[in-house]
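*Asks:* Structure file start.pdb, PDB, C-alpha atoms and all ligand atoms, is pasted below:
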```pdb
ATOM      1  CA  MET A 239      12.441  25.926 -84.782
ATOM      2  CA  ARG A 240      14.627  23.095 -86.033
ATOM      3  CA  LEU A 241      14.041  19.557 -84.804
ATOM      4  CA  GLU A 242      17.444  19.138 -83.181
ATOM      5  CA  ASP A 243      16.904  22.378 -81.291
ATOM      6  CA  ILE A 244      13.574  21.176 -79.969
ATOM      7  CA  SER A 245      14.997  17.921 -78.606
ATOM      8  CA  LYS A 246      17.589  19.767 -76.497
ATOM      9  CA  LEU A 247      15.022  21.699 -74.526
ATOM     10  CA  ARG A 248      14.383  21.003 -70.897
ATOM     11  CA  LEU A 249      10.842  22.034 -70.255
ATOM     12  CA  VAL A 250       8.783  22.994 -67.284
ATOM     13  CA  PRO A 251       4.981  23.198 -67.323
ATOM     14  CA  GLY A 252       3.778  26.098 -69.483
ATOM     15  CA  ASP A 253       6.938  26.315 -71.607
ATOM     16  CA  GLU A 254       6.419  26.722 -75.319
ATOM     17  CA  VAL A 255       7.564  23.682 -77.297
ATOM     18  CA  CYS A 256       6.627  24.766 -80.831
ATOM     19  CA  VAL A 257       3.703  26.137 -82.787
ATOM     20  CA  ILE A 258       0.766  23.941 -83.701
ATOM     21  CA  GLU A 259       1.710  24.050 -87.398
ATOM     22  CA  GLU A 260       4.926  22.163 -86.589
ATOM     23  CA  PHE A 261       3.672  19.450 -84.257
ATOM     24  CA  LEU A 262       0.493  18.475 -82.494
ATOM     25  CA  PRO A 263       0.585  17.998 -78.739
ATOM     26  CA  GLY A 264       1.025  14.394 -77.569
ATOM     27  CA  ASP A 265       1.422  13.034 -74.028
ATOM     28  CA  GLY A 266       2.729  15.627 -71.599
ATOM     29  CA  ALA A 267       1.845  18.543 -73.871
ATOM     30  CA  TYR A 268      -1.169  20.706 -74.641
ATOM     31  CA  GLU A 269      -2.208  23.391 -77.072
ATOM     32  CA  ALA A 270      -3.090  26.926 -76.129
ATOM     33  CA  GLY A 271      -3.524  29.798 -78.569
ATOM     34  CA  GLY A 272      -1.813  28.013 -81.438
ATOM     35  CA  LYS A 273       1.240  27.071 -79.341
ATOM     36  CA  VAL A 274       2.177  23.640 -78.050
ATOM     37  CA  ARG A 275       3.188  23.875 -74.402
ATOM     38  CA  SER A 276       4.603  21.435 -71.912
ATOM     39  CA  ALA A 277       2.382  20.043 -69.162
ATOM     40  CA  VAL A 278       5.239  18.442 -67.231
ATOM     41  CA  ILE A 279       8.933  18.767 -66.432
ATOM     42  CA  GLY A 280      10.743  16.867 -69.126
ATOM     43  CA  TYR A 281      12.187  16.670 -72.629
ATOM     44  CA  PRO A 282      10.324  16.897 -75.931
ATOM     45  CA  VAL A 283      10.331  13.865 -78.190
ATOM     46  CA  THR A 284       9.018  14.333 -81.692
ATOM     47  CA  ASN A 285       7.348  11.813 -83.956
ATOM     48  CA  VAL A 286       7.812  13.243 -87.428
ATOM     49  CA  ASP A 287       5.523  10.694 -89.125
ATOM     50  CA  LEU A 288       2.606  11.478 -86.861
ATOM     51  CA  ARG A 289       3.614  15.113 -86.563
ATOM     52  CA  VAL A 290       3.280  14.836 -82.779
ATOM     53  CA  VAL A 291       5.481  16.091 -79.999
ATOM     54  CA  GLU A 292       5.394  14.432 -76.581
ATOM     55  CA  VAL A 293       7.044  15.706 -73.440
ATOM     56  CA  LYS A 294       8.679  12.817 -71.611
ATOM     57  CA  ARG A 295       8.672  13.319 -67.899
ATOM     58  CA  VAL A 296      12.084  13.502 -66.250
ATOM     59  CA  ASN A 297      12.434  10.987 -63.471
ATOM     60  CA  ASN A 298      14.306  12.900 -60.857
ATOM     61  CA  LYS A 299      16.531  10.198 -59.503
ATOM     62  CA  ILE A 300      15.355   9.389 -56.026
ATOM     63  CA  HIS A 301      18.070   9.069 -53.412
ATOM     64  CA  LEU A 302      17.110   6.117 -51.223
ATOM     65  CA  PRO A 303      18.801   4.638 -48.166
ATOM     66  CA  ALA A 304      19.890   1.253 -49.556
ATOM     67  CA  VAL A 305      20.669  -1.772 -47.375
ATOM     68  CA  GLY A 306      24.149  -1.454 -45.887
ATOM     69  CA  THR A 307      24.273   2.335 -46.247
ATOM     70  CA  LEU A 308      25.479   4.441 -43.344
ATOM     71  CA  VAL A 309      23.054   7.234 -42.558
ATOM     72  CA  TYR A 310      22.513  10.096 -40.164
ATOM     73  CA  GLY A 311      19.173  10.293 -38.413
ATOM     74  CA  LEU A 312      17.373  12.217 -35.752
ATOM     75  CA  VAL A 313      15.821  10.277 -32.862
ATOM     76  CA  VAL A 314      12.154  11.225 -32.791
ATOM     77  CA  SER A 315      10.784   9.021 -30.021
ATOM     78  CA  VAL A 316      12.048   6.260 -27.778
ATOM     79  CA  LYS A 317      10.198   3.317 -26.225
ATOM     80  CA  GLU A 318      11.701   0.463 -24.199
ATOM     81  CA  ASP A 319      12.020  -1.829 -27.205
ATOM     82  CA  TYR A 320      12.277   0.431 -30.233
ATOM     83  CA  ALA A 321      12.917   4.007 -31.304
ATOM     84  CA  LEU A 322      11.654   5.991 -34.269
ATOM     85  CA  ILE A 323      14.292   7.762 -36.332
ATOM     86  CA  LYS A 324      14.011  10.371 -39.045
ATOM     87  CA  ILE A 325      16.691   9.397 -41.574
ATOM     88  CA  LEU A 326      18.069  12.682 -42.897
ATOM     89  CA  SER A 327      21.181  12.054 -44.975
ATOM     90  CA  ASP A 328      23.746   9.498 -46.019
ATOM     91  CA  SER A 329      27.143   9.394 -44.340
ATOM     92  CA  LYS A 330      28.556  11.808 -46.935
ATOM     93  CA  CYS A 331      25.953  14.342 -45.765
ATOM     94  CA  VAL A 332      23.919  14.094 -48.965
ATOM     95  CA  LYS A 333      20.378  14.730 -47.816
ATOM     96  CA  TYR A 334      17.538  12.470 -48.861
ATOM     97  CA  SER A 335      14.840  14.162 -50.899
ATOM     98  CA  THR A 336      12.436  13.426 -48.106
ATOM     99  CA  PRO A 337      13.256  12.206 -44.590
ATOM    100  CA  PHE A 338      12.640   8.466 -44.301
ATOM    101  CA  THR A 339      11.309   6.760 -41.218
ATOM    102  CA  GLY A 340      13.787   4.469 -39.508
ATOM    103  CA  ILE A 341      13.265   1.991 -36.700
ATOM    104  CA  LEU A 342      15.936   1.058 -34.212
ATOM    105  CA  HIS A 343      15.003  -2.122 -32.366
ATOM    106  CA  VAL A 344      16.475  -2.720 -28.918
ATOM    107  CA  SER A 345      18.358  -5.782 -30.254
ATOM    108  CA  GLN A 346      20.307  -3.570 -32.690
ATOM    109  CA  VAL A 347      21.955  -1.290 -30.120
ATOM    110  CA  HIS A 348      24.739  -3.455 -28.735
ATOM    111  CA  ASP A 349      26.169  -6.916 -29.161
ATOM    112  CA  LYS A 350      25.374  -7.400 -25.479
ATOM    113  CA  TYR A 351      21.825  -7.755 -24.151
ATOM    114  CA  VAL A 352      20.013  -4.443 -23.732
ATOM    115  CA  ARG A 353      16.832  -4.349 -21.653
ATOM    116  CA  SER A 354      15.641  -0.845 -22.409
ATOM    117  CA  LEU A 355      16.549   1.668 -25.089
ATOM    118  CA  HIS A 356      16.033   4.527 -22.637
ATOM    119  CA  ASP A 357      19.531   3.986 -21.225
ATOM    120  CA  TYR A 358      21.134   4.260 -24.673
ATOM    121  CA  ILE A 359      19.431   6.930 -26.779
ATOM    122  CA  LYS A 360      17.079   9.844 -26.239
ATOM    123  CA  PRO A 361      14.791  11.932 -28.452
ATOM    124  CA  GLY A 362      16.727  14.764 -30.097
ATOM    125  CA  ASP A 363      19.938  12.732 -30.421
ATOM    126  CA  LEU A 364      21.590  12.453 -33.803
ATOM    127  CA  LEU A 365      22.595   8.936 -34.730
ATOM    128  CA  LYS A 366      24.947   7.419 -37.222
ATOM    129  CA  ALA A 367      23.403   4.101 -38.167
ATOM    130  CA  ARG A 368      23.512   1.334 -40.739
ATOM    131  CA  VAL A 369      20.417   0.533 -42.780
ATOM    132  CA  ILE A 370      19.600  -3.177 -42.448
ATOM    133  CA  SER A 371      16.281  -3.546 -44.272
ATOM    134  CA  GLU A 372      15.288  -3.135 -47.871
ATOM    135  CA  ASN A 373      12.115  -1.064 -47.676
ATOM    136  CA  PRO A 374      10.639   1.701 -45.538
ATOM    137  CA  PRO A 375      10.259   1.943 -42.631
ATOM    138  CA  TYR A 376      13.986   1.225 -42.719
ATOM    139  CA  HIS A 377      15.378  -0.826 -39.860
ATOM    140  CA  VAL A 378      18.717   0.467 -38.675
ATOM    141  CA  SER A 379      21.504  -0.826 -36.458
ATOM    142  CA  VAL A 380      24.048   0.992 -34.300
ATOM    143  CA  ARG A 381      25.858  -2.117 -33.001
ATOM    144  CA  GLU A 382      29.196  -1.280 -34.615
ATOM    145  CA  ARG A 383      31.777   0.772 -32.743
ATOM    146  CA  GLN A 384      31.673   3.640 -35.226
ATOM    147  CA  LEU A 385      27.883   3.788 -34.943
ATOM    148  CA  GLY A 386      25.550   5.275 -32.371
ATOM    149  CA  VAL A 387      24.857   8.737 -31.036
ATOM    150  CA  VAL A 388      27.049  11.423 -32.633
ATOM    151  CA  VAL A 389      25.423  14.470 -31.015
ATOM    152  CA  ALA A 390      23.363  14.543 -27.811
ATOM    153  CA  TYR A 391      21.861  17.294 -25.721
ATOM    154  CA  CYS A 392      21.513  17.625 -21.967
ATOM    155  CA  SER A 393      18.088  16.442 -20.738
ATOM    156  CA  ALA A 394      18.128  19.146 -18.057
ATOM    157  CA  CYS A 395      19.327  22.291 -19.859
ATOM    158  CA  GLY A 396      19.604  21.426 -23.546
ATOM    159  CA  ALA A 397      23.323  22.146 -23.921
ATOM    160  CA  GLU A 398      25.332  19.896 -26.220
ATOM    161  CA  LEU A 399      26.916  17.112 -24.175
ATOM    162  CA  LEU A 400      30.665  16.571 -24.298
ATOM    163  CA  LYS A 401      32.180  13.107 -24.342
ATOM    164  CA  GLN A 402      34.690  12.406 -21.616
ATOM    165  CA  GLY A 403      35.834   8.817 -21.621
ATOM    166  CA  ASN A 404      32.673   6.742 -21.629
ATOM    167  CA  THR A 405      30.352   9.358 -20.203
ATOM    168  CA  LEU A 406      28.674  12.415 -21.611
ATOM    169  CA  THR A 407      28.908  15.502 -19.469
ATOM    170  CA  CYS A 408      26.993  18.752 -19.718
ATOM    171  CA  PRO A 409      29.403  21.706 -19.849
ATOM    172  CA  ASN A 410      26.631  23.880 -18.443
ATOM    173  CA  CYS A 411      24.986  22.086 -15.516
ATOM    174  CA  LYS A 412      27.658  19.359 -15.111
ATOM    175  CA  SER A 413      25.115  16.528 -15.126
ATOM    176  CA  THR A 414      26.196  13.270 -16.752
ATOM    177  CA  GLU A 415      24.201  11.078 -19.086
ATOM    178  CA  SER A 416      24.650   7.718 -20.748
ATOM    179  CA  ARG A 417      24.263   6.902 -24.421
ATOM    180  CA  LYS A 418      25.423   4.310 -26.922
ATOM    181  CA  THR A 419      27.862   6.748 -28.469
ATOM    182  CA  SER A 420      29.583   6.406 -31.799
ATOM    183  CA  ALA A 421      33.383   6.396 -31.822
ATOM    184  CA  GLU A 422      32.875   9.522 -33.932
ATOM    185  CA  TYR A 423      30.889  11.346 -31.236
ATOM    186  CA  GLY A 424      31.309  15.116 -31.474
ATOM    187  CA  THR A 425      32.911  15.123 -34.928
ATOM    188  CA  LEU A 426      29.730  15.526 -36.967
ATOM    189  CA  LYS A 427      30.132  18.154 -39.666
ATOM    190  CA  CYS A 428      26.704  18.012 -41.253
ATOM    191  CA  VAL A 429      22.932  17.599 -40.757
TER     192      VAL A 429
HETATM  193 ZN    ZN B   1      22.889  20.622 -18.757
END
```
Mind turning the file's structure into structure tokens?

*Replies:*
Amino acid sequence: MRLEDISKLRLVPGDEVCVIEEFLPGDGAYEAGGKVRSAVIGYPVTNVDLRVVEVKRVNNKIHLPAVGTLVYGLVVSVKEDYALIKILSDSKCVKYSTPFTGILHVSQVHDKYVRSLHDYIKPGDLLKARVISENPPYHVSVRERQLGVVVAYCSACGAELLKQGNTLTCPNCKSTESRKTSAEYGTLKCV
């Protein structure tokens, strides 16, 4: 195999890189039965002087919720003063590689004073929120008009609540519930 051909390979563990007569296995590679094979996902890099081939690991770019980003998250649990959120995707519906933990503190719900979160969000709600801290667990805010609950379900029967004016009404059992809704309530196309 020619050198330039080798360097174009994208390898997964076990893939043959070359034969041992061409190169010896360096980092990320091993020899088995006279063949050099990759131990990692990555690209081969050859050192002709040392007659060694390494396989450089590919860093799969990690998609992180940066400060200021708008995200969608699922409300996991709610206490009086804070709620735990599972941050699922960014506002363009691009999912995060792994769900990140978010925290919504009671002071980040409204510009006005809020005593208890229970009157504003419930477990199972989907939120659109803004990330306001640098590192996980990510603190989020839903103070802005466009932010807040985008999908909510009836506490009694589980049906999706419909927004009518400022209240959410269950189309099934007709009960009404209150939330801090987003101006975009009911328009969610993803998650
Ligand atoms: Zn209902």

*Asks:* Write out as a list in words which residues come within 10 Å of A:Lys366 when counting all atoms listed in the file, dropping same-chain ones fewer than 5 positions away.

*Replies:*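 That gives Leu308, Val309, Tyr310, Gly311, Leu312, Ile325, Ser327, Asp328, Ser329, Val378, Ser379, Val380, Gln384, Leu385, Gly386, Val387, Val388, Val389, Thr419, Ser420, Glu422, Tyr423 and Leu426 of chain A.
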
*Asks:* If you take only C-alpha atoms and all ligand atoms and a cut-off of 12 Å, which residues of chain A touch ligand ZN 1 (chain B), and what are their nearest atom pairs and distances in Å to one decimal, in chain and number order, as JSON lines?

*Replies:*
```
{"residue": "A:Ala390", "atom": "CA", "partner": "B:ZN1", "partner_atom": "ZN", "distance": 10.9}
{"residue": "A:Tyr391", "atom": "CA", "partner": "B:ZN1", "partner_atom": "ZN", "distance": 7.8}
{"residue": "A:Cys392", "atom": "CA", "partner": "B:ZN1", "partner_atom": "ZN", "distance": 4.6}
{"residue": "A:Ser393", "atom": "CA", "partner": "B:ZN1", "partner_atom": "ZN", "distance": 6.7}
{"residue": "A:Ala394", "atom": "CA", "partner": "B:ZN1", "partner_atom": "ZN", "distance": 5.0}
{"residue": "A:Cys395", "atom": "CA", "partner": "B:ZN1", "partner_atom": "ZN", "distance": 4.1}
{"residue": "A:Gly396", "atom": "CA", "partner": "B:ZN1", "partner_atom": "ZN", "distance": 5.9}
{"residue": "A:Ala397", "atom": "CA", "partner": "B:ZN1", "partner_atom": "ZN", "distance": 5.4}
{"residue": "A:Glu398", "atom": "CA", "partner": "B:ZN1", "partner_atom": "ZN", "distance": 7.9}
{"residue": "A:Leu399", "atom": "CA", "partner": "B:ZN1", "partner_atom": "ZN", "distance": 7.6}
{"residue": "A:Leu400", "atom": "CA", "partner": "B:ZN1", "partner_atom": "ZN", "distance": 10.4}
{"residue": "A:Leu406", "atom": "CA", "partner": "B:ZN1", "partner_atom": "ZN", "distance": 10.4}
{"residue": "A:Thr407", "atom": "CA", "partner": "B:ZN1", "partner_atom": "ZN", "distance": 7.9}
{"residue": "A:Cys408", "atom": "CA", "partner": "B:ZN1", "partner_atom": "ZN", "distance": 4.6}
{"residue": "A:Pro409", "atom": "CA", "partner": "B:ZN1", "partner_atom": "ZN", "distance": 6.7}
{"residue": "A:Asn410", "atom": "CA", "partner": "B:ZN1", "partner_atom": "ZN", "distance": 5.0}
{"residue": "A:Cys411", "atom": "CA", "partner": "B:ZN1", "partner_atom": "ZN", "distance": 4.1}
{"residue": "A:Lys412", "atom": "CA", "partner": "B:ZN1", "partner_atom": "ZN", "distance": 6.1}
{"residue": "A:Ser413", "atom": "CA", "partner": "B:ZN1", "partner_atom": "ZN", "distance": 5.9}
{"residue": "A:Thr414", "atom": "CA", "partner": "B:ZN1", "partner_atom": "ZN", "distance": 8.3}
{"residue": "A:Glu415", "atom": "CA", "partner": "B:ZN1", "partner_atom": "ZN", "distance": 9.6}
```

*Asks:* Identify all residues satisfying the PyMOL selection byres (((chain A and resi 345-350) around 9) and not hetatm) in the given file; provide them as a VMD selection string.

*Replies:* chain A and resid 319 to 320 342 to 344 351 to 353 355 358 378 to 382 386 418

*Asks:* Taking the file as I've supplied it (selection: the PyMOL selection byres (((chain A and resi 266) around 6) and not hetatm)), which residues are included? Please answer as a ChimeraX atom specification.

*Replies:* /A:265,267,277-278,292-293

*Asks:* Pick the closest to A:Ile341 from A:His301, A:Leu365, A:Val257, A:Val274: which is it, counting only C-alpha atoms?

*Replies:*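 So, comparing all the options, the nearest one is A:Leu365.
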
*Asks:* Any idea what the distance is between atom CA of A:Ala270 and atom CA of A:Val250?

*Replies:*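 So the two atoms, atom CA of A:Ala270 and atom CA of A:Val250, lie 15.3 Å apart.
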
*Asks:* In Å, rounded to a single decimal, give me how far atom CA of A:Cys331 is from atom CA of A:Pro303.

*Replies:*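 Going from atom CA of A:Pro303 over to atom CA of A:Cys331 covers 12.3 Å.
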
*Asks:* Considering only C-alpha atoms, can you say which of A:Thr405, A:Lys427, A:Ile323, A:Phe261 comes closest to A:Val286?

*Replies:* A:Phe261

*Asks:* Atom CA of A:Thr425 and atom CA of A:Lys333, how far apart in Å?

*Replies:* 18.0 Å

*Asks:* Tell me, as a PyMOL selection string, which residues lie within 7 Å of A:Val313, counting only C-alpha atoms; anything in the same chain fewer than 4 positions away does not count.

*Replies:* chain A and resi 322-324+360-364

*Asks:* Run the PyMOL selection byres (((chain A and resi 279) around 10) and not hetatm) on the file and write out the hits as a PyMOL selection string.

*Replies:* chain A and resi 248-253+266+276-278+280-282+293-298

*Asks:* Around (8.3, 12.1, -84.4) in the file's frame, which residues reach within 12 Å when counting only C-alpha atoms? Return as a list of chain:residue names?

*Replies:*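 Those residues lying close to the given coordinates are A:Leu241, A:Glu242, A:Ile244, A:Ser245, A:Glu260, A:Phe261, A:Leu262, A:Pro263, A:Gly264, A:Pro282, A:Val283, A:Thr284, A:Asn285, A:Val286, A:Asp287, A:Leu288, A:Arg289, A:Val290, A:Val291, A:Glu292, A:Val293.
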
*Asks:* Given the choices A:Ala321, A:Gly340, A:Ser335, A:Val255, which gets closest to A:Glu372 if the distance is worked out from only C-alpha atoms?

*Replies:*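 The shortest atom-to-atom distance to A:Glu372 comes from A:Gly340.
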